[in-house]
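Source file: final19.txt (compact mmCIF, N, CA and C atoms)
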```
# COMPACT_ATOMS: atom_id res chain seq x y z
N MET A 1 92.81 83.14 125.88
CA MET A 1 93.81 84.10 125.45
C MET A 1 93.12 85.46 125.30
N ASN A 2 93.55 86.45 126.04
CA ASN A 2 92.94 87.77 126.02
C ASN A 2 93.84 88.71 125.22
N ILE A 3 93.33 89.19 124.10
CA ILE A 3 94.10 90.07 123.23
C ILE A 3 93.15 91.12 122.66
N HIS A 4 93.63 92.33 122.51
CA HIS A 4 92.81 93.42 122.00
C HIS A 4 92.50 93.24 120.52
N LYS A 5 91.36 93.82 120.10
CA LYS A 5 90.94 93.73 118.70
C LYS A 5 92.00 94.28 117.77
N SER A 6 92.62 95.38 118.15
CA SER A 6 93.63 95.98 117.27
C SER A 6 94.81 95.04 117.09
N ALA A 7 95.20 94.34 118.14
CA ALA A 7 96.30 93.38 118.03
C ALA A 7 95.90 92.23 117.11
N GLU A 8 94.66 91.79 117.21
CA GLU A 8 94.17 90.75 116.30
C GLU A 8 94.24 91.23 114.86
N ASP A 9 93.86 92.48 114.62
CA ASP A 9 93.92 93.05 113.27
C ASP A 9 95.36 93.08 112.76
N TYR A 10 96.29 93.50 113.60
CA TYR A 10 97.69 93.54 113.19
C TYR A 10 98.19 92.14 112.85
N LEU A 11 97.92 91.17 113.70
CA LEU A 11 98.39 89.81 113.45
C LEU A 11 97.76 89.23 112.18
N GLU A 12 96.48 89.47 111.99
CA GLU A 12 95.80 88.99 110.79
C GLU A 12 96.41 89.63 109.54
N ALA A 13 96.65 90.94 109.59
CA ALA A 13 97.26 91.63 108.44
C ALA A 13 98.64 91.08 108.16
N MET A 14 99.40 90.79 109.20
CA MET A 14 100.74 90.23 109.02
C MET A 14 100.67 88.87 108.34
N LEU A 15 99.73 88.04 108.73
CA LEU A 15 99.58 86.73 108.10
C LEU A 15 99.19 86.89 106.63
N MET A 16 98.27 87.80 106.36
CA MET A 16 97.85 88.02 104.98
C MET A 16 99.03 88.48 104.12
N LEU A 17 99.82 89.39 104.65
CA LEU A 17 101.00 89.86 103.91
C LEU A 17 102.01 88.73 103.69
N LYS A 18 102.21 87.92 104.71
CA LYS A 18 103.12 86.77 104.58
C LYS A 18 102.65 85.84 103.47
N GLN A 19 101.34 85.59 103.43
CA GLN A 19 100.79 84.71 102.40
C GLN A 19 100.88 85.34 101.01
N GLU A 20 100.68 86.66 100.93
CA GLU A 20 100.70 87.35 99.65
C GLU A 20 102.11 87.54 99.11
N ARG A 21 103.05 87.92 99.99
CA ARG A 21 104.37 88.36 99.54
C ARG A 21 105.52 87.46 99.97
N GLY A 22 105.28 86.66 101.01
CA GLY A 22 106.35 85.81 101.52
C GLY A 22 107.17 86.48 102.61
N TYR A 23 106.90 87.73 102.91
CA TYR A 23 107.60 88.48 103.95
C TYR A 23 106.65 89.53 104.50
N VAL A 24 107.02 90.09 105.65
CA VAL A 24 106.19 91.11 106.29
C VAL A 24 107.10 92.26 106.74
N ARG A 25 106.84 93.44 106.17
CA ARG A 25 107.55 94.65 106.58
C ARG A 25 106.57 95.57 107.28
N SER A 26 107.07 96.35 108.21
CA SER A 26 106.23 97.29 108.95
C SER A 26 105.49 98.24 108.04
N ILE A 27 106.15 98.76 107.02
CA ILE A 27 105.53 99.71 106.11
C ILE A 27 104.35 99.08 105.37
N ASP A 28 104.46 97.79 105.06
CA ASP A 28 103.37 97.10 104.38
C ASP A 28 102.19 96.89 105.31
N VAL A 29 102.47 96.64 106.59
CA VAL A 29 101.41 96.52 107.59
C VAL A 29 100.67 97.86 107.70
N ALA A 30 101.43 98.95 107.73
CA ALA A 30 100.83 100.29 107.81
C ALA A 30 99.92 100.53 106.61
N ASP A 31 100.40 100.21 105.42
CA ASP A 31 99.60 100.41 104.21
C ASP A 31 98.34 99.55 104.23
N LYS A 32 98.49 98.30 104.63
CA LYS A 32 97.35 97.37 104.62
C LYS A 32 96.27 97.81 105.59
N LEU A 33 96.67 98.30 106.75
CA LEU A 33 95.70 98.69 107.78
C LEU A 33 95.31 100.16 107.70
N GLY A 34 96.00 100.92 106.86
CA GLY A 34 95.69 102.35 106.75
C GLY A 34 96.05 103.13 107.99
N VAL A 35 97.17 102.77 108.60
CA VAL A 35 97.64 103.44 109.81
C VAL A 35 99.04 104.01 109.55
N THR A 36 99.53 104.79 110.48
CA THR A 36 100.84 105.40 110.33
C THR A 36 101.94 104.42 110.72
N LYS A 37 103.13 104.68 110.22
CA LYS A 37 104.30 103.86 110.58
C LYS A 37 104.56 103.91 112.08
N PRO A 38 104.45 105.08 112.75
CA PRO A 38 104.63 105.08 114.21
C PRO A 38 103.61 104.20 114.94
N SER A 39 102.38 104.14 114.42
CA SER A 39 101.38 103.25 115.03
C SER A 39 101.81 101.80 114.92
N VAL A 40 102.36 101.43 113.77
CA VAL A 40 102.84 100.06 113.57
C VAL A 40 104.03 99.80 114.49
N SER A 41 104.91 100.76 114.63
CA SER A 41 106.07 100.60 115.51
C SER A 41 105.63 100.34 116.95
N TYR A 42 104.65 101.10 117.41
CA TYR A 42 104.13 100.91 118.76
C TYR A 42 103.50 99.53 118.90
N ALA A 43 102.67 99.16 117.92
CA ALA A 43 101.98 97.87 117.99
C ALA A 43 102.97 96.70 117.93
N THR A 44 103.95 96.80 117.03
CA THR A 44 104.90 95.69 116.93
C THR A 44 105.75 95.56 118.19
N LYS A 45 106.04 96.68 118.81
CA LYS A 45 106.78 96.62 120.09
C LYS A 45 105.97 95.83 121.12
N ARG A 46 104.70 96.14 121.23
CA ARG A 46 103.83 95.44 122.19
C ARG A 46 103.67 93.96 121.81
N LEU A 47 103.48 93.68 120.53
CA LEU A 47 103.32 92.30 120.09
C LEU A 47 104.59 91.49 120.33
N LYS A 48 105.74 92.13 120.13
CA LYS A 48 107.02 91.45 120.40
C LYS A 48 107.17 91.18 121.89
N GLU A 49 106.85 92.17 122.72
CA GLU A 49 106.94 91.99 124.18
C GLU A 49 106.03 90.87 124.67
N SER A 50 104.92 90.66 123.98
CA SER A 50 103.97 89.62 124.36
C SER A 50 104.32 88.26 123.76
N GLY A 51 105.35 88.22 122.92
CA GLY A 51 105.79 86.96 122.34
C GLY A 51 105.03 86.54 121.10
N TYR A 52 104.24 87.44 120.51
CA TYR A 52 103.45 87.09 119.33
C TYR A 52 104.24 87.21 118.03
N ILE A 53 105.24 88.09 118.02
CA ILE A 53 106.07 88.28 116.84
C ILE A 53 107.52 88.42 117.25
N SER A 54 108.39 88.31 116.26
CA SER A 54 109.80 88.62 116.43
C SER A 54 110.25 89.26 115.12
N PHE A 55 111.52 89.59 115.04
CA PHE A 55 112.08 90.16 113.83
C PHE A 55 113.26 89.31 113.39
N ASP A 56 113.34 89.06 112.08
CA ASP A 56 114.49 88.32 111.58
C ASP A 56 115.67 89.27 111.41
N PRO A 57 116.85 88.76 111.06
CA PRO A 57 118.03 89.62 110.94
C PRO A 57 117.87 90.77 109.92
N ALA A 58 117.00 90.58 108.93
CA ALA A 58 116.77 91.62 107.93
C ALA A 58 115.73 92.65 108.39
N GLY A 59 115.17 92.45 109.59
CA GLY A 59 114.17 93.37 110.11
C GLY A 59 112.75 93.04 109.70
N MET A 60 112.56 91.90 109.06
CA MET A 60 111.21 91.47 108.68
C MET A 60 110.48 90.91 109.89
N ILE A 61 109.19 91.10 109.91
CA ILE A 61 108.36 90.61 111.01
C ILE A 61 108.11 89.12 110.83
N VAL A 62 108.25 88.38 111.91
CA VAL A 62 108.02 86.93 111.92
C VAL A 62 106.93 86.64 112.95
N LEU A 63 105.89 85.96 112.52
CA LEU A 63 104.84 85.54 113.46
C LEU A 63 105.34 84.34 114.26
N GLU A 64 105.34 84.47 115.57
CA GLU A 64 105.67 83.34 116.43
C GLU A 64 104.45 82.43 116.53
N ALA A 65 104.61 81.25 117.09
CA ALA A 65 103.52 80.27 117.13
C ALA A 65 102.25 80.84 117.74
N SER A 66 102.37 81.56 118.84
CA SER A 66 101.18 82.11 119.49
C SER A 66 100.53 83.19 118.64
N GLY A 67 101.33 84.01 117.96
CA GLY A 67 100.79 85.04 117.07
C GLY A 67 100.18 84.44 115.83
N LEU A 68 100.81 83.40 115.30
CA LEU A 68 100.29 82.71 114.13
C LEU A 68 98.94 82.07 114.43
N GLU A 69 98.81 81.49 115.62
CA GLU A 69 97.55 80.86 116.01
C GLU A 69 96.41 81.89 116.01
N ILE A 70 96.65 83.04 116.58
CA ILE A 70 95.63 84.10 116.61
C ILE A 70 95.34 84.58 115.19
N ALA A 71 96.39 84.83 114.42
CA ALA A 71 96.22 85.33 113.05
C ALA A 71 95.42 84.35 112.20
N GLU A 72 95.72 83.08 112.30
CA GLU A 72 94.99 82.07 111.52
C GLU A 72 93.53 82.00 111.94
N ARG A 73 93.28 82.10 113.24
CA ARG A 73 91.90 82.09 113.73
C ARG A 73 91.12 83.28 113.19
N MET A 74 91.73 84.46 113.24
CA MET A 74 91.05 85.66 112.77
C MET A 74 90.83 85.61 111.26
N LEU A 75 91.81 85.14 110.53
CA LEU A 75 91.67 85.06 109.08
C LEU A 75 90.60 84.05 108.69
N GLU A 76 90.54 82.94 109.40
CA GLU A 76 89.49 81.95 109.12
C GLU A 76 88.12 82.57 109.37
N ARG A 77 87.97 83.25 110.48
CA ARG A 77 86.70 83.91 110.79
C ARG A 77 86.36 84.92 109.70
N HIS A 78 87.33 85.74 109.34
CA HIS A 78 87.10 86.78 108.34
C HIS A 78 86.65 86.17 107.01
N ASN A 79 87.38 85.16 106.56
CA ASN A 79 87.06 84.55 105.27
C ASN A 79 85.70 83.87 105.27
N LEU A 80 85.40 83.12 106.32
CA LEU A 80 84.13 82.41 106.37
C LEU A 80 82.96 83.38 106.49
N LEU A 81 83.10 84.40 107.32
CA LEU A 81 82.03 85.38 107.48
C LEU A 81 81.82 86.18 106.19
N THR A 82 82.91 86.51 105.51
CA THR A 82 82.80 87.20 104.22
C THR A 82 82.04 86.34 103.22
N GLU A 83 82.43 85.08 103.15
CA GLU A 83 81.79 84.13 102.24
C GLU A 83 80.29 84.00 102.55
N LEU A 84 79.97 83.90 103.82
CA LEU A 84 78.58 83.77 104.25
C LEU A 84 77.77 85.00 103.84
N LEU A 85 78.31 86.17 104.12
CA LEU A 85 77.58 87.41 103.80
C LEU A 85 77.40 87.58 102.29
N ILE A 86 78.41 87.25 101.51
CA ILE A 86 78.29 87.31 100.06
C ILE A 86 77.21 86.35 99.59
N GLY A 87 77.19 85.16 100.20
CA GLY A 87 76.16 84.16 99.86
C GLY A 87 74.75 84.63 100.19
N LEU A 88 74.65 85.54 101.13
CA LEU A 88 73.34 86.10 101.49
C LEU A 88 72.96 87.28 100.60
N GLY A 89 73.86 87.64 99.68
CA GLY A 89 73.55 88.72 98.75
C GLY A 89 74.19 90.06 99.06
N VAL A 90 75.06 90.10 100.07
CA VAL A 90 75.76 91.33 100.42
C VAL A 90 76.89 91.55 99.41
N SER A 91 77.13 92.79 99.03
CA SER A 91 78.20 93.07 98.08
C SER A 91 79.54 92.64 98.69
N PRO A 92 80.48 92.22 97.86
CA PRO A 92 81.77 91.76 98.39
C PRO A 92 82.47 92.79 99.28
N GLU A 93 82.46 94.05 98.88
CA GLU A 93 83.15 95.07 99.68
C GLU A 93 82.48 95.24 101.06
N THR A 94 81.17 95.31 101.07
CA THR A 94 80.45 95.44 102.35
C THR A 94 80.63 94.18 103.18
N ALA A 95 80.61 93.02 102.53
CA ALA A 95 80.78 91.75 103.25
C ALA A 95 82.14 91.70 103.93
N ARG A 96 83.21 92.13 103.23
CA ARG A 96 84.56 92.15 103.84
C ARG A 96 84.60 93.11 105.03
N ASP A 97 84.03 94.29 104.85
CA ASP A 97 84.04 95.28 105.93
C ASP A 97 83.26 94.78 107.15
N ASP A 98 82.09 94.22 106.90
CA ASP A 98 81.26 93.74 108.01
C ASP A 98 81.89 92.52 108.68
N ALA A 99 82.49 91.65 107.90
CA ALA A 99 83.15 90.47 108.47
C ALA A 99 84.25 90.90 109.43
N CYS A 100 84.97 91.96 109.06
CA CYS A 100 86.05 92.46 109.92
C CYS A 100 85.50 92.95 111.26
N LYS A 101 84.33 93.52 111.23
CA LYS A 101 83.70 94.00 112.47
C LYS A 101 83.19 92.83 113.31
N ILE A 102 82.58 91.87 112.67
CA ILE A 102 81.95 90.75 113.35
C ILE A 102 82.96 89.77 113.92
N GLU A 103 84.06 89.56 113.21
CA GLU A 103 85.01 88.50 113.56
C GLU A 103 85.56 88.61 114.98
N HIS A 104 85.64 89.82 115.50
CA HIS A 104 86.21 90.03 116.83
C HIS A 104 85.22 89.75 117.95
N ASP A 105 83.96 89.98 117.70
CA ASP A 105 82.97 89.92 118.78
C ASP A 105 82.16 88.63 118.82
N LEU A 106 82.26 87.84 117.78
CA LEU A 106 81.50 86.60 117.70
C LEU A 106 82.07 85.56 118.66
N SER A 107 81.20 84.93 119.43
CA SER A 107 81.67 83.91 120.38
C SER A 107 82.18 82.68 119.63
N VAL A 108 82.97 81.91 120.31
CA VAL A 108 83.47 80.65 119.75
C VAL A 108 82.30 79.74 119.42
N GLU A 109 81.33 79.67 120.31
CA GLU A 109 80.17 78.81 120.09
C GLU A 109 79.43 79.20 118.81
N SER A 110 79.17 80.49 118.64
CA SER A 110 78.46 80.94 117.44
C SER A 110 79.27 80.71 116.18
N PHE A 111 80.57 80.99 116.25
CA PHE A 111 81.40 80.77 115.06
C PHE A 111 81.47 79.29 114.71
N ASP A 112 81.61 78.43 115.70
CA ASP A 112 81.64 76.99 115.44
C ASP A 112 80.35 76.52 114.78
N ALA A 113 79.22 77.08 115.20
CA ALA A 113 77.93 76.74 114.60
C ALA A 113 77.87 77.22 113.15
N ILE A 114 78.37 78.41 112.89
CA ILE A 114 78.40 78.94 111.52
C ILE A 114 79.30 78.07 110.66
N ARG A 115 80.47 77.71 111.18
CA ARG A 115 81.40 76.86 110.43
C ARG A 115 80.76 75.51 110.11
N ALA A 116 80.13 74.90 111.09
CA ALA A 116 79.48 73.61 110.88
C ALA A 116 78.37 73.70 109.83
N HIS A 117 77.60 74.78 109.92
CA HIS A 117 76.51 74.99 108.96
C HIS A 117 77.07 75.20 107.55
N ALA A 118 78.13 75.97 107.43
CA ALA A 118 78.73 76.26 106.13
C ALA A 118 79.31 75.00 105.51
N GLN A 119 79.87 74.11 106.31
CA GLN A 119 80.47 72.88 105.78
C GLN A 119 79.43 71.97 105.16
N LYS A 120 78.19 72.06 105.61
CA LYS A 120 77.12 71.25 105.04
C LYS A 120 76.85 71.63 103.59
N TYR A 121 77.14 72.88 103.23
CA TYR A 121 76.79 73.40 101.92
C TYR A 121 77.99 73.59 101.00
N ARG A 122 79.12 73.13 101.40
CA ARG A 122 80.32 73.25 100.55
C ARG A 122 80.47 72.07 99.65
```
Represent the supplied structure as structure tokens.
Amino acid sequence: MNIHKSAEDYLEAMLMLKQERGYVRSIDVADKLGVTKPSVSYATKRLKESGYISFDPAGMIVLEASGLEIAERMLERHNLLTELLIGLGVSPETARDDACKIEHDLSVESFDAIRAHAQKYR
């Protein structure tokens, strides 16, 4: 599945908002990502055209199965990498920021190895 990093960020933010609030509004996505509402409008249009999201009758964003799959993968990567970096002594804020950078570029093989290693110590 080939998807741009920014789209992964949008989908991940949408999942986080859904988990936090139970719904996803465009304005909340903009606030979470620190982007403008027009940027979110453009991104959601593209994500909808690709089948990753839809909108319910109230205009709330709904993650479709393919979008949810990507969002869950990115969130898992983000959380595990954050946890790992904090465990290495990195401050929580820096760990979250760095995990966000790393999560997109890390290969499946490397992430699977990190996950397997982390499970040994949980």
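Residues with at least one atom no more than 12 Å from (104.7, 91.7, 103.3), using only C-alpha atoms, are A:Glu12, A:Ala13, A:Met14, A:Leu15, A:Met16, A:Leu17, A:Lys18, A:Gln19, A:Glu20, A:Arg21, A:Gly22, A:Tyr23, A:Val24, A:Arg25, A:Ser26, A:Ile27, A:Asp28, A:Val29, A:Ala30, A:Asp31, A:Lys32, A:Gly59, A:Met60, A:Ile61, A:Val62, A:Leu63.
You will find CA of Ser6 (chain A) at 22.5 Å from CA of Glu83 (chain A).
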So the first atom is CA of Leu84 (chain A) and the second is CA of Ser107 (chain A); what is the distance between them in Å, to one decimal place?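 Here the two named atoms are 16.4 Å from each other.
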Residue among A:Glu49, A:Glu93, A:Glu103, A:Asp56 lying closest to Met74 (chain A), counting all atoms listed in the file: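 Closest candidate: A:Glu103.
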Could you pull out the helix (DSSP H, G or I) residues of chain A from DSSP and send them as a ChimeraX atom specification? /A:5-21,26-33,37-49,65-87,92-105,108-120
May I have all residues of chain A that DSSP, computed from the backbone, assigns to strand (DSSP E or B), given as a list in words? Ile53, Ser54, Phe55, Ile61, Val62 and Leu63 of chain A
So the first atom is atom N of Gly87 (chain A) and the second is CA of Val35 (chain A); what is the distance between them in Å, to one decimal place?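 Going from atom N of Gly87 (chain A) over to CA of Val35 (chain A), I get 29.1 Å.
Minimum distance to Phe111 (chain A) across A:Ile70, A:Thr82, A:Arg96, A:Arg77 (counting all atoms listed in the file) occurs at A:Arg77.
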